[in-house]
file start25.cif (mmCIF, C-alpha atoms)
data_final
#
loop_
_atom_site.group_PDB
_atom_site.id
_atom_site.type_symbol
_atom_site.label_atom_id
_atom_site.label_comp_id
_atom_site.auth_asym_id
_atom_site.auth_seq_id
_atom_site.Cartn_x
_atom_site.Cartn_y
_atom_site.Cartn_z
ATOM 1 C CA MET U 1001 6.427 0.859 -18.888
ATOM 2 C CA ASN U 1002 6.250 4.575 -18.178
ATOM 3 C CA ASP U 1003 8.998 6.625 -16.551
ATOM 4 C CA ALA U 1004 7.110 6.844 -13.256
ATOM 5 C CA LEU U 1005 6.961 3.045 -12.946
ATOM 6 C CA LYS U 1006 10.662 2.797 -13.792
ATOM 7 C CA SER U 1007 11.348 5.350 -11.063
ATOM 8 C CA LEU U 1008 9.294 3.348 -8.559
ATOM 9 C CA LEU U 1009 11.143 0.146 -9.442
ATOM 10 C CA ASP U 1010 14.430 2.005 -8.933
ATOM 11 C CA LEU U 1011 13.140 3.136 -5.541
ATOM 12 C CA LEU U 1012 12.516 -0.503 -4.567
ATOM 13 C CA ASP U 1013 15.942 -1.643 -5.803
ATOM 14 C CA LEU U 1014 17.734 -1.178 -2.493
ATOM 15 C CA GLU U 1015 21.487 -0.833 -2.171
ATOM 16 C CA ARG U 1016 23.091 -3.529 -0.052
ATOM 17 C CA ILE U 1017 25.678 -1.875 2.200
ATOM 18 C CA GLU U 1018 26.355 -4.897 4.432
ATOM 19 C CA GLN U 1019 25.163 -8.488 4.589
ATOM 20 C CA ASP U 1020 21.785 -7.645 6.155
ATOM 21 C CA ILE U 1021 21.823 -3.862 5.885
ATOM 22 C CA PHE U 1022 20.268 -2.004 2.954
ATOM 23 C CA ARG U 1023 19.856 1.614 1.954
ATOM 24 C CA GLY U 1024 16.854 3.016 0.136
ATOM 25 C CA GLN U 1025 16.249 6.414 -1.331
ATOM 26 C CA SER U 1026 13.148 8.505 -0.855
ATOM 27 C CA ARG U 1027 11.294 10.962 -2.975
ATOM 28 C CA ALA U 1028 8.957 13.841 -2.301
ATOM 29 C CA SER U 1029 5.289 13.023 -1.906
ATOM 30 C CA VAL U 1030 2.140 15.090 -1.693
ATOM 31 C CA VAL U 1031 2.512 15.251 2.089
ATOM 32 C CA PRO U 1032 5.647 16.545 3.882
ATOM 33 C CA ARG U 1033 6.816 13.047 4.815
ATOM 34 C CA VAL U 1034 7.752 9.796 3.152
ATOM 35 C CA PHE U 1035 4.729 7.920 1.815
ATOM 36 C CA GLY U 1036 4.022 4.995 4.162
ATOM 37 C CA GLY U 1037 3.536 2.529 1.330
ATOM 38 C CA GLN U 1038 7.054 3.274 0.125
ATOM 39 C CA VAL U 1039 8.638 2.462 3.495
ATOM 40 C CA ALA U 1040 6.585 -0.725 3.872
ATOM 41 C CA ALA U 1041 7.464 -1.911 0.369
ATOM 42 C CA GLN U 1042 11.166 -1.137 0.789
ATOM 43 C CA ALA U 1043 11.280 -2.919 4.156
ATOM 44 C CA LEU U 1044 9.666 -5.985 2.581
ATOM 45 C CA VAL U 1045 12.230 -5.883 -0.230
ATOM 46 C CA ALA U 1046 15.012 -5.830 2.368
ATOM 47 C CA ALA U 1047 13.531 -8.781 4.249
ATOM 48 C CA GLY U 1048 12.901 -10.725 1.049
ATOM 49 C CA ARG U 1049 16.486 -10.388 -0.099
ATOM 50 C CA THR U 1050 17.603 -12.469 2.888
ATOM 51 C CA VAL U 1051 15.141 -15.296 2.156
ATOM 52 C CA PRO U 1052 15.280 -18.002 -0.563
ATOM 53 C CA ALA U 1053 13.296 -17.024 -3.647
ATOM 54 C CA ASP U 1054 11.022 -20.065 -3.332
ATOM 55 C CA ARG U 1055 9.624 -18.706 -0.044
ATOM 56 C CA PRO U 1056 7.388 -15.726 -0.791
ATOM 57 C CA PRO U 1057 6.015 -13.608 2.059
ATOM 58 C CA HIS U 1058 2.695 -14.753 3.474
ATOM 59 C CA SER U 1059 2.256 -11.981 6.054
ATOM 60 C CA LEU U 1060 3.650 -8.733 7.375
ATOM 61 C CA HIS U 1061 2.935 -6.660 10.469
ATOM 62 C CA ALA U 1062 4.300 -3.144 10.709
ATOM 63 C CA TYR U 1063 4.270 0.026 12.779
ATOM 64 C CA PHE U 1064 4.880 3.560 11.541
ATOM 65 C CA LEU U 1065 6.899 5.132 14.363
ATOM 66 C CA ARG U 1066 7.964 8.551 13.072
ATOM 67 C CA PRO U 1067 7.392 10.600 9.924
ATOM 68 C CA GLY U 1068 10.024 9.840 7.307
ATOM 69 C CA ASP U 1069 12.172 12.620 5.830
ATOM 70 C CA PRO U 1070 11.798 12.498 2.014
ATOM 71 C CA GLY U 1071 15.100 14.352 1.615
ATOM 72 C CA ALA U 1072 17.228 11.677 3.291
ATOM 73 C CA PRO U 1073 17.997 8.005 2.586
ATOM 74 C CA ILE U 1074 16.555 5.267 4.795
ATOM 75 C CA VAL U 1075 18.697 2.455 6.232
ATOM 76 C CA TYR U 1076 17.005 -0.927 6.655
ATOM 77 C CA THR U 1077 18.527 -3.457 9.051
ATOM 78 C CA VAL U 1078 17.279 -7.042 8.783
ATOM 79 C CA ASP U 1079 17.282 -9.395 11.754
ATOM 80 C CA ARG U 1080 17.124 -13.096 10.802
ATOM 81 C CA ILE U 1081 14.722 -14.230 13.506
ATOM 82 C CA ARG U 1082 14.062 -17.780 12.305
ATOM 83 C CA ASP U 1083 14.772 -20.128 9.417
ATOM 84 C CA GLY U 1084 12.487 -23.130 9.833
ATOM 85 C CA ARG U 1085 11.617 -26.072 7.639
ATOM 86 C CA SER U 1086 8.459 -24.391 6.330
ATOM 87 C CA PHE U 1087 8.524 -20.819 7.600
ATOM 88 C CA THR U 1088 11.105 -18.039 7.671
ATOM 89 C CA THR U 1089 10.751 -14.929 9.852
ATOM 90 C CA ARG U 1090 12.499 -11.587 9.457
ATOM 91 C CA ARG U 1091 12.387 -8.361 11.436
ATOM 92 C CA VAL U 1092 13.291 -5.059 9.764
ATOM 93 C CA VAL U 1093 13.971 -1.672 11.361
ATOM 94 C CA ALA U 1094 14.061 1.426 9.149
ATOM 95 C CA VAL U 1095 16.263 4.238 10.456
ATOM 96 C CA GLN U 1096 16.696 7.888 9.506
ATOM 97 C CA HIS U 1097 18.828 10.466 11.287
ATOM 98 C CA GLY U 1098 19.753 7.861 13.904
ATOM 99 C CA LYS U 1099 16.150 7.089 14.913
ATOM 100 C CA PRO U 1100 13.795 4.268 13.927
ATOM 101 C CA ILE U 1101 10.896 5.448 11.782
ATOM 102 C CA PHE U 1102 9.341 2.078 10.897
ATOM 103 C CA HIS U 1103 9.332 -1.491 12.179
ATOM 104 C CA LEU U 1104 8.244 -4.562 10.214
ATOM 105 C CA THR U 1105 8.022 -8.267 10.923
ATOM 106 C CA ALA U 1106 7.467 -10.506 7.898
ATOM 107 C CA SER U 1107 6.945 -14.231 7.613
ATOM 108 C CA PHE U 1108 7.731 -16.273 4.506
ATOM 109 C CA HIS U 1109 6.344 -19.673 3.561
ATOM 110 C CA ALA U 1110 7.011 -22.121 0.751
ATOM 111 C CA GLN U 1111 3.907 -22.890 -1.313
ATOM 112 C CA GLU U 1112 2.453 -26.294 -0.521
ATOM 113 C CA GLU U 1113 -0.462 -28.457 -1.596
ATOM 114 C CA ALA U 1114 -3.208 -28.603 1.044
ATOM 115 C CA ALA U 1115 -6.521 -30.382 1.262
ATOM 116 C CA LEU U 1116 -8.322 -27.476 2.934
ATOM 117 C CA GLU U 1117 -9.050 -24.390 0.867
ATOM 118 C CA HIS U 1118 -11.867 -21.850 0.750
ATOM 119 C CA GLN U 1119 -12.348 -18.114 0.282
ATOM 120 C CA GLU U 1120 -14.967 -15.399 0.358
ATOM 121 C CA PRO U 1121 -16.484 -14.684 -3.044
ATOM 122 C CA MET U 1122 -15.365 -11.611 -4.912
ATOM 123 C CA PRO U 1123 -17.852 -8.727 -4.560
ATOM 124 C CA ALA U 1124 -19.531 -7.254 -7.606
ATOM 125 C CA ALA U 1125 -17.617 -4.482 -9.353
ATOM 126 C CA PRO U 1126 -17.733 -2.883 -12.814
ATOM 127 C CA ASP U 1127 -15.097 -3.494 -15.464
ATOM 128 C CA PRO U 1128 -12.109 -1.259 -14.621
ATOM 129 C CA LEU U 1129 -11.798 -0.139 -18.232
ATOM 130 C CA GLU U 1130 -15.269 1.427 -17.950
ATOM 131 C CA LEU U 1131 -14.103 3.672 -15.079
ATOM 132 C CA PRO U 1132 -12.338 7.043 -15.409
ATOM 133 C CA THR U 1133 -8.574 7.243 -15.097
ATOM 134 C CA GLN U 1134 -6.979 9.498 -12.500
ATOM 135 C CA ALA U 1135 -6.209 12.046 -15.219
ATOM 136 C CA GLU U 1136 -9.908 12.113 -16.130
ATOM 137 C CA LEU U 1137 -11.250 12.054 -12.567
ATOM 138 C CA LEU U 1138 -9.104 14.370 -10.441
ATOM 139 C CA PRO U 1139 -9.574 17.632 -12.420
ATOM 140 C CA ARG U 1140 -13.324 17.396 -11.732
ATOM 141 C CA TYR U 1141 -12.635 18.145 -8.073
ATOM 142 C CA ALA U 1142 -9.877 20.739 -8.408
ATOM 143 C CA ASP U 1143 -12.006 23.406 -6.720
ATOM 144 C CA ARG U 1144 -12.363 21.239 -3.588
ATOM 145 C CA PHE U 1145 -8.659 20.810 -2.944
ATOM 146 C CA ARG U 1146 -6.936 23.109 -0.478
ATOM 147 C CA GLU U 1147 -4.074 23.987 -2.842
ATOM 148 C CA PRO U 1148 -4.304 24.925 -6.532
ATOM 149 C CA ASP U 1149 -1.595 22.487 -7.645
ATOM 150 C CA MET U 1150 -3.042 19.488 -5.773
ATOM 151 C CA VAL U 1151 -4.381 17.760 -8.890
ATOM 152 C CA GLN U 1152 -0.951 17.761 -10.498
ATOM 153 C CA ARG U 1153 0.730 16.640 -7.289
ATOM 154 C CA LEU U 1154 -1.679 13.735 -6.903
ATOM 155 C CA LEU U 1155 -1.239 12.715 -10.524
ATOM 156 C CA GLU U 1156 2.539 12.736 -10.142
ATOM 157 C CA ALA U 1157 2.409 10.794 -6.863
ATOM 158 C CA ARG U 1158 0.275 8.046 -8.438
ATOM 159 C CA ALA U 1159 1.731 8.092 -11.948
ATOM 160 C CA ALA U 1160 3.262 4.617 -11.582
ATOM 161 C CA VAL U 1161 -0.161 3.128 -10.820
ATOM 162 C CA ASP U 1162 -3.332 2.968 -12.883
ATOM 163 C CA LEU U 1163 -5.861 3.420 -10.060
ATOM 164 C CA ARG U 1164 -9.584 3.763 -10.748
ATOM 165 C CA TYR U 1165 -12.331 4.492 -8.222
ATOM 166 C CA VAL U 1166 -15.506 2.449 -8.557
ATOM 167 C CA GLU U 1167 -17.580 5.197 -6.871
ATOM 168 C CA GLU U 1168 -16.856 8.804 -6.003
ATOM 169 C CA PRO U 1169 -13.762 9.173 -3.798
ATOM 170 C CA PRO U 1170 -14.062 10.990 -0.444
ATOM 171 C CA PHE U 1171 -13.135 14.330 -1.980
ATOM 172 C CA GLY U 1172 -15.999 13.874 -4.443
ATOM 173 C CA SER U 1173 -18.725 13.635 -1.804
ATOM 174 C CA VAL U 1174 -17.645 16.137 0.848
ATOM 175 C CA GLY U 1175 -20.437 16.891 3.308
ATOM 176 C CA THR U 1176 -22.446 13.754 2.545
ATOM 177 C CA ALA U 1177 -21.987 10.737 4.804
ATOM 178 C CA ARG U 1178 -22.017 7.406 2.982
ATOM 179 C CA GLU U 1179 -21.643 3.752 3.798
ATOM 180 C CA PRO U 1180 -18.054 3.265 5.053
ATOM 181 C CA ARG U 1181 -17.046 1.151 2.092
ATOM 182 C CA SER U 1182 -15.098 1.836 -1.093
ATOM 183 C CA GLN U 1183 -13.595 -0.011 -4.016
ATOM 184 C CA VAL U 1184 -10.755 0.741 -6.402
ATOM 185 C CA TRP U 1185 -9.218 -1.223 -9.239
ATOM 186 C CA PHE U 1186 -5.466 -0.886 -9.655
ATOM 187 C CA ARG U 1187 -2.463 -2.193 -11.561
ATOM 188 C CA THR U 1188 0.967 -0.849 -12.369
ATOM 189 C CA ASP U 1189 1.010 1.469 -15.375
ATOM 190 C CA GLY U 1190 3.015 -0.935 -17.503
ATOM 191 C CA LYS U 1191 4.013 -4.582 -17.590
ATOM 192 C CA LEU U 1192 6.858 -6.055 -15.590
ATOM 193 C CA ASP U 1193 9.160 -8.257 -17.615
ATOM 194 C CA GLY U 1194 12.752 -9.425 -17.664
ATOM 195 C CA PRO U 1195 14.666 -9.018 -14.383
ATOM 196 C CA GLU U 1196 11.799 -7.046 -12.808
ATOM 197 C CA ASP U 1197 9.294 -9.887 -13.254
ATOM 198 C CA LEU U 1198 9.870 -11.421 -9.818
ATOM 199 C CA PRO U 1199 7.131 -12.722 -7.477
ATOM 200 C CA LEU U 1200 8.586 -10.772 -4.543
ATOM 201 C CA LEU U 1201 8.555 -7.526 -6.499
ATOM 202 C CA HIS U 1202 4.899 -7.972 -7.466
ATOM 203 C CA ILE U 1203 4.038 -8.446 -3.783
ATOM 204 C CA CYS U 1204 6.085 -5.394 -2.784
ATOM 205 C CA LEU U 1205 4.341 -3.266 -5.400
ATOM 206 C CA VAL U 1206 0.948 -4.336 -4.072
ATOM 207 C CA THR U 1207 2.193 -3.463 -0.563
ATOM 208 C CA TYR U 1208 3.105 -0.005 -1.883
ATOM 209 C CA VAL U 1209 -0.375 0.581 -3.320
ATOM 210 C CA SER U 1210 -2.197 -0.890 -0.309
ATOM 211 C CA ASP U 1211 -1.515 2.266 1.732
ATOM 212 C CA MET U 1212 -2.995 4.688 -0.828
ATOM 213 C CA THR U 1213 -6.727 4.397 -0.228
ATOM 214 C CA LEU U 1214 -7.338 2.062 2.725
ATOM 215 C CA LEU U 1215 -8.490 4.767 5.143
ATOM 216 C CA ASP U 1216 -10.889 6.339 2.603
ATOM 217 C CA SER U 1217 -13.820 4.366 3.983
ATOM 218 C CA ILE U 1218 -13.396 6.098 7.362
ATOM 219 C CA LEU U 1219 -13.773 9.468 5.658
ATOM 220 C CA LEU U 1220 -16.845 8.359 3.721
ATOM 221 C CA ALA U 1221 -18.688 7.505 6.943
ATOM 222 C CA HIS U 1222 -18.393 11.136 8.057
ATOM 223 C CA GLY U 1223 -18.617 13.038 4.782
ATOM 224 C CA ARG U 1224 -15.000 14.148 5.003
ATOM 225 C CA GLY U 1225 -12.868 14.772 1.926
ATOM 226 C CA GLY U 1226 -9.451 13.936 3.327
ATOM 227 C CA TRP U 1227 -6.089 15.584 3.745
ATOM 228 C CA ALA U 1228 -6.084 16.909 0.155
ATOM 229 C CA VAL U 1229 -9.265 18.825 0.978
ATOM 230 C CA GLY U 1230 -7.980 19.785 4.430
ATOM 231 C CA ASP U 1231 -10.956 18.732 6.547
ATOM 232 C CA VAL U 1232 -9.019 15.962 8.342
ATOM 233 C CA VAL U 1233 -5.444 15.370 9.393
ATOM 234 C CA GLY U 1234 -4.018 11.915 9.859
ATOM 235 C CA ALA U 1235 -1.337 9.334 9.330
ATOM 236 C CA SER U 1236 -0.963 5.564 9.252
ATOM 237 C CA LEU U 1237 -0.217 3.960 12.609
ATOM 238 C CA ASP U 1238 0.148 0.275 11.796
ATOM 239 C CA HIS U 1239 -0.354 -1.980 8.805
ATOM 240 C CA ALA U 1240 -0.854 -5.715 8.409
ATOM 241 C CA MET U 1241 -1.146 -7.853 5.270
ATOM 242 C CA TRP U 1242 -1.703 -11.530 4.554
ATOM 243 C CA PHE U 1243 -0.838 -12.863 1.113
ATOM 244 C CA HIS U 1244 -3.085 -15.816 0.343
ATOM 245 C CA ARG U 1245 -2.621 -16.559 -3.346
ATOM 246 C CA PRO U 1246 -0.213 -15.609 -6.147
ATOM 247 C CA LEU U 1247 -0.841 -12.299 -7.905
ATOM 248 C CA ARG U 1248 0.630 -9.963 -10.470
ATOM 249 C CA ALA U 1249 0.803 -6.249 -9.738
ATOM 250 C CA ASP U 1250 0.671 -5.465 -13.472
ATOM 251 C CA GLU U 1251 -2.756 -7.087 -13.885
ATOM 252 C CA TRP U 1252 -6.037 -5.654 -12.608
ATOM 253 C CA LEU U 1253 -6.674 -6.127 -8.881
ATOM 254 C CA LEU U 1254 -9.858 -5.140 -7.058
ATOM 255 C CA TYR U 1255 -9.275 -3.505 -3.663
ATOM 256 C CA ASP U 1256 -12.485 -3.819 -1.626
ATOM 257 C CA GLN U 1257 -12.246 -1.671 1.531
ATOM 258 C CA GLU U 1258 -14.395 -0.841 4.535
ATOM 259 C CA SER U 1259 -14.160 0.688 7.998
ATOM 260 C CA PRO U 1260 -15.781 -1.145 10.917
ATOM 261 C CA THR U 1261 -15.039 1.564 13.497
ATOM 262 C CA ALA U 1262 -13.518 4.942 14.331
ATOM 263 C CA ARG U 1263 -13.040 6.387 17.796
ATOM 264 C CA SER U 1264 -10.700 8.477 19.936
ATOM 265 C CA GLY U 1265 -8.875 10.005 16.974
ATOM 266 C CA ARG U 1266 -8.198 6.620 15.385
ATOM 267 C CA GLY U 1267 -9.946 4.759 12.593
ATOM 268 C CA LEU U 1268 -9.677 1.190 11.325
ATOM 269 C CA GLY U 1269 -9.669 0.193 7.675
ATOM 270 C CA THR U 1270 -9.874 -3.353 6.354
ATOM 271 C CA GLY U 1271 -9.390 -4.471 2.786
ATOM 272 C CA ARG U 1272 -9.475 -7.484 0.507
ATOM 273 C CA ILE U 1273 -7.586 -7.604 -2.762
ATOM 274 C CA PHE U 1274 -8.951 -9.882 -5.486
ATOM 275 C CA THR U 1275 -7.495 -10.856 -8.833
ATOM 276 C CA ALA U 1276 -9.663 -10.114 -11.857
ATOM 277 C CA ASP U 1277 -10.700 -13.770 -12.078
ATOM 278 C CA GLY U 1278 -12.055 -13.711 -8.517
ATOM 279 C CA ARG U 1279 -9.258 -15.169 -6.371
ATOM 280 C CA LEU U 1280 -8.790 -13.613 -2.922
ATOM 281 C CA ALA U 1281 -5.098 -12.730 -3.030
ATOM 282 C CA VAL U 1282 -4.503 -10.401 -0.048
ATOM 283 C CA SER U 1283 -6.176 -9.286 3.186
ATOM 284 C CA VAL U 1284 -5.178 -5.919 4.659
ATOM 285 C CA VAL U 1285 -5.842 -4.149 7.975
ATOM 286 C CA GLN U 1286 -4.640 -0.687 8.941
ATOM 287 C CA GLU U 1287 -5.285 1.702 11.801
ATOM 288 C CA GLY U 1288 -4.629 5.371 11.334
ATOM 289 C CA VAL U 1289 -4.863 8.679 13.133
ATOM 290 C CA VAL U 1290 -7.870 10.556 11.772
ATOM 291 C CA ARG U 1291 -8.564 13.911 13.412
ATOM 292 C CA VAL U 1292 -10.633 16.927 12.620
ATOM 293 C CA PRO U 1293 -8.460 20.072 12.390
ATOM 294 C CA ARG U 1294 -8.657 22.325 15.434
ATOM 295 C CA GLU U 1295 -10.343 25.172 13.554
ATOM 296 C CA ASP U 1296 -13.345 22.837 12.921
#
call {"tool": "encode", "arguments": {"input": "start25.cif", "output": "structure tokens"}}
result
Amino acid sequence: MNDALKSLLDLLDLERIEQDIFRGQSRASVVPRVFGGQVAAQALVAAGRTVPADRPPHSLHAYFLRPGDPGAPIVYTVDRIRDGRSFTTRRVVAVQHGKPIFHLTASFHAQEEAALEHQEPMPAAPDPLELPTQAELLPRYADRFREPDMVQRLLEARAAVDLRYVEEPPFGSVGTAREPRSQVWFRTDGKLDGPEDLPLLHICLVTYVSDMTLLDSILLAHGRGGWAVGDVVGASLDHAMWFHRPLRADEWLLYDQESPTARSGRGLGTGRIFTADGRLAVSVVQEGVVRVPRED
């Protein structure tokens, strides 16, 4: 386990300051706000700590309300909405500087045997070990980024995750519109064992990563490189996830993503996360603000 993954696990280890109130720290990201995946993962940690361990989350629905301040802690208040025989529901509000910045509702469900089961097949994808690492890929595009230190900043921001693009990322095909679909393989950069090897933590880590590349397919449809290039500005608006089958964040997961539509300054991204052996583990949907800068 590298130092970056240890730091991320520390970030997700919230401090309990009251029965259903938790405090999380933030860290600087490549944009001047808290990374959305961090807030979503921390909120899910807070909710999960009020639920029995044998009830993992099966869905979450969240709204990003205000940009988070990376220089200040975030307080998460959990509301115990319902404790049923099969399902448990929690609502979480994340607050900074006296104002809510994020709202999440999560539902938890005990695993059960069921007669009905099906899934979409896993799409074709190359072996992740045949694809370039971030350290190999990003320097190729250094001249396309708006700031000279962007490669290093991106590498530091993603150092806890081994993320590999199946095809060129948006910043690799600027000016050329492509099919609005992209794939990445990812896993944590190190194994989770001992006290960190908890089902909830694996799900929270996948939640963290799910916000990294989901809107890329919108950019591909228009030949835009993204915020690192500077030809779009944007932010996540809302985020929803459904957890279908068990997974491990420290084993390879294929994130298959596409964008069905973009309009009126907003774009929609949908994603499916498969385990390496072909099980559909997670479905993801996110809408984000995606605007062309005024000077364009």
call {"tool": "resolve_selection", "arguments": {"input": "start25.cif", "expression": "the PyMOL selection byres ((chain U and resi 1001) around 12)", "output": "MDAnalysis selection string"}}
result
chainID U and resid 1002:1009 1159:1162 1187:1193 1196 1250
call {"tool": "residues_around", "arguments": {"input": "start25.cif", "residues": "Ala1094 in chain U", "least_positions_apart": "5", "cutoff": "8 Å", "atoms": "only C-alpha atoms", "output": "NGL selection string"}}
result
:U and (1039 or 1043 or 1074-1077 or 1100-1103)
call {"tool": "closest_residue", "arguments": {"input": "start25.cif", "among": "U:Leu1201, U:Val1209, U:Val1045, U:Val1285", "to": "Trp1242 in chain U", "atoms": "only C-alpha atoms"}}
result
U:Val1285
call {"tool": "closest_residue", "arguments": {"input": "start25.cif", "among": "U:Phe1186, U:Arg1291, U:Leu1253, U:Phe1243", "to": "Asp1231 in chain U", "atoms": "only C-alpha atoms"}}
result
U:Arg1291
call {"tool": "closest_atom_pairs", "arguments": {"input": "start25.cif", "of": "range 1090-1150 of chain U", "to": "range 1011-1035 of chain U", "cutoff": "12 Å", "atoms": "all atoms listed in the file", "output": "CSV"}}
result
residue,atom,partner,partner_atom,distance
U:Arg1090,CA,U:Asp1020,CA,10.6
U:Arg1091,CA,U:Asp1020,CA,10.8
U:Val1092,CA,U:Ile1021,CA,9.4
U:Val1093,CA,U:Ile1021,CA,9.8
U:Ala1094,CA,U:Arg1023,CA,9.2
U:Val1095,CA,U:Arg1023,CA,9.6
U:Gln1096,CA,U:Arg1023,CA,10.3
U:Ile1101,CA,U:Val1034,CA,10.2
U:Phe1102,CA,U:Val1034,CA,11.0
U:Glu1147,CA,U:Val1030,CA,10.9
U:Asp1149,CA,U:Val1030,CA,10.2
U:Met1150,CA,U:Val1030,CA,7.9
call {"tool": "resolve_selection", "arguments": {"input": "start25.cif", "expression": "the PyMOL selection byres ((chain U and resi 1199) around 10)", "output": "list in words"}}
result
Ala1053, Asp1054, Arg1055, Pro1056, Pro1057, Glu1196, Asp1197, Leu1198, Leu1200, Leu1201, His1202, Ile1203, Cys1204, Pro1246, Leu1247, Arg1248 and Ala1249 of chain U
call {"tool": "residues_near_point", "arguments": {"input": "start25.cif", "point": "(2.4, -24.8, 0.1)", "cutoff": "12 Å", "atoms": "only C-alpha atoms", "output": "PyMOL selection string"}}
result
chain U and resi 1054-1058+1085-1087+1108-1117+1244-1246
call {"tool": "closest_residue", "arguments": {"input": "start25.cif", "among": "U:Pro1070, U:Gly1271, U:Pro1293, U:Gly1098", "to": "Leu1214 in chain U", "atoms": "only C-alpha atoms"}}
result
U:Gly1271
call {"tool": "atom_distance", "arguments": {"input": "start25.cif", "atom1": "CA of Arg1224 in chain U", "atom2": "CA of Leu1060 in chain U"}}
result
29.6 Å
call {"tool": "atom_distance", "arguments": {"input": "start25.cif", "atom1": "CA of Glu1120 in chain U", "atom2": "CA of Glu1168 in chain U"}}
result
25.1 Å
